[in-house]
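Asks: I am attaching a structure below and will ask some questions about it afterwards.
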Amino acid sequence: MEIFEIVTYFVLLLLVSTALRVVTTSNVIHAAISLVFTLALTSVLFLLLSTEFVALVLVLVYIGAVIVLFLFGIMITRAPLGKNAELDNDKNKKLGAAIAGSIFFLFSYILVNGFDGQVVVTSGSSTELLGEILLSRFVFPFELVSFVLLAALIGGITLARKDEALIDEDQV
Amino acid sequence: MIVQPVLVVAAALFSLGIYGILVRRNAVMVLLSIELILNSVNINFILFDTMLADTLMQGQIFTIFIITIAAAEVGIGLAIVLMLFRNRQTANINEFDLMKW
């Protein structure tokens with residue numbers, strides 16, 4: 001039990017430090033790679049909380065697909081690779097830090113006081129039951145979300161496609 | 001395992017995401033910060049699901065839905081950024097001020 005706690009605290013510490021790197025680094029590629037580490041550590045945290053299906057979904061969807069999309073977006077918008085002092089808006093830095101800090105302290109104060117002494121007891125694998133619930137009681141939202149994905153797919157293609165007819169019209 | 005450290009870390013991720021949204025200039029970096037916020041919400045959902053030992057596992061199911069919606073959001077968001085880049089030759093949010101009064 002002692003080792004379990006130590007591992008959890010270590011993961012939490014790394015999680016905060018990698019997340020800090022995502023928003024403070026001046027290199028766009030480093031930010032995306034740090035987000036990979038943040039998500040991988042989140043997945044480890046989910047495994048420690050014995051929700052292994054969600055952990056694997058997180059790895060597959062985020063690290064497998066979303067990060068690739070982000071790197072693609074960074075490359076295609078020709079963000080300057082390497083160190084870039086222009087990446088941050090220095091005027092907003094103090095205000096942003098003040099707002100983020102006050103949100104953090106407010107949330108921490110409420111959560112630490114509200115959940116004083118509550119403990120988590122992990123209870124082994126739950127994937128089989130999760131599948132049954134997802135496809136019985138929650139089958140309607142499950143199907144609905146597939147339509148959302150289809151709409152996003154069509155919308156993404158329509159937005160990002162170079163429409164030859166439209167371009168000609170603009171140039172005339 | 002005590003709940004509070006995980007909750008504080010989730011709050012830290014949330015506020016770091018807010019900081020990133022407010023400070024970053026590049027539109028893709030703003031989308032990265034939004035992912036951090038969604039991630040902190042996921043951590044809270046999973047933690048409370050495990051803590052309450054919910055028989056319907058609504059925390060895990062909600063997390064799966066959030067991950068799906070986030071994937072759709074990233075796809076559309078990057079398509080919009082791409083469109084803006086094609087029209088303005090920049091991904092800098094400060095220059096997208098056409099609708100600013």
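Ligands are numbered from 1 in the order shown, residues from 1 within each chain, and chains are lettered A, B, ... in the order they appear in the structure tokens.
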Please identify all residues of chain A having at least one atom at most 7 Å from any atom of chain B, considering only C-alpha atoms, and return them as an MDAnalysis selection string.

Replies: chainID A and resid 5 12 16 19:20 23 49 54 66 73:74 77 87:89 92:93 96:97 100:101 103:104 107:108 111:112 115 117:122 130 133:134 149 152 155:156 159:160

Asks: I need the alpha helix (DSSP H) residues of chain B per DSSP on the backbone, written as a VMD selection string.

Replies: chain B and resid 4 to 23 27 to 52 58 to 88

Asks: Mind pulling up the distance from CA of Leu58 in chain A to CA of Ala151 in chain A?

Replies: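 If I compute the distance from CA of Ala151 in chain A to CA of Leu58 in chain A, I get 21.5 Å.
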
Asks: What's around Thr42 in chain A at 10 Å? Count only C-alpha atoms, leave out sequence neighbours fewer than 2 positions away in its own chain, and write the answer as a list in words.

Replies: Val11, Leu12, Leu14, Leu15, Val36, Phe37, Thr38, Leu39, Ala40, Val44, Leu45, Phe46, Leu47, Leu48, Ala55, Leu58 and Val59 of chain A; Asn39, Ser40, Asn42 and Ile43 of chain B

Asks: Quote the spacing between CA of Thr24 in chain A and CA of Val68 in chain A in Å to one decimal place.

Replies: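 Atom-to-atom, CA of Thr24 in chain A to CA of Val68 in chain A, that is 20.8 Å.
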
Asks: From a backbone DSSP assignment, name each residue in chain B labelled strand (DSSP E or B), as an NGL selection string.

Replies: :B and (2 or 24 or 26 or 92)

Asks: Could you jot down the CA of Arg161 in chain A to CA of Asp97 in chain B separation for me, Å, one decimal place?

Replies: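 Atom-to-atom, CA of Arg161 in chain A to CA of Asp97 in chain B, that is 23.9 Å.
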
Asks: Find the spatial neighbours of Glu52 in chain A, counting only C-alpha atoms, within a cut-off of 9 Å - ignore same-chain residues fewer than 5 positions away - and output them as a list of chain:residue names.

Replies: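 Neighbouring residues, sequence-local ones excluded: A:Ser43, A:Phe46, A:Leu47, A:Val57, A:Ser125, A:Ser126, A:Thr127.
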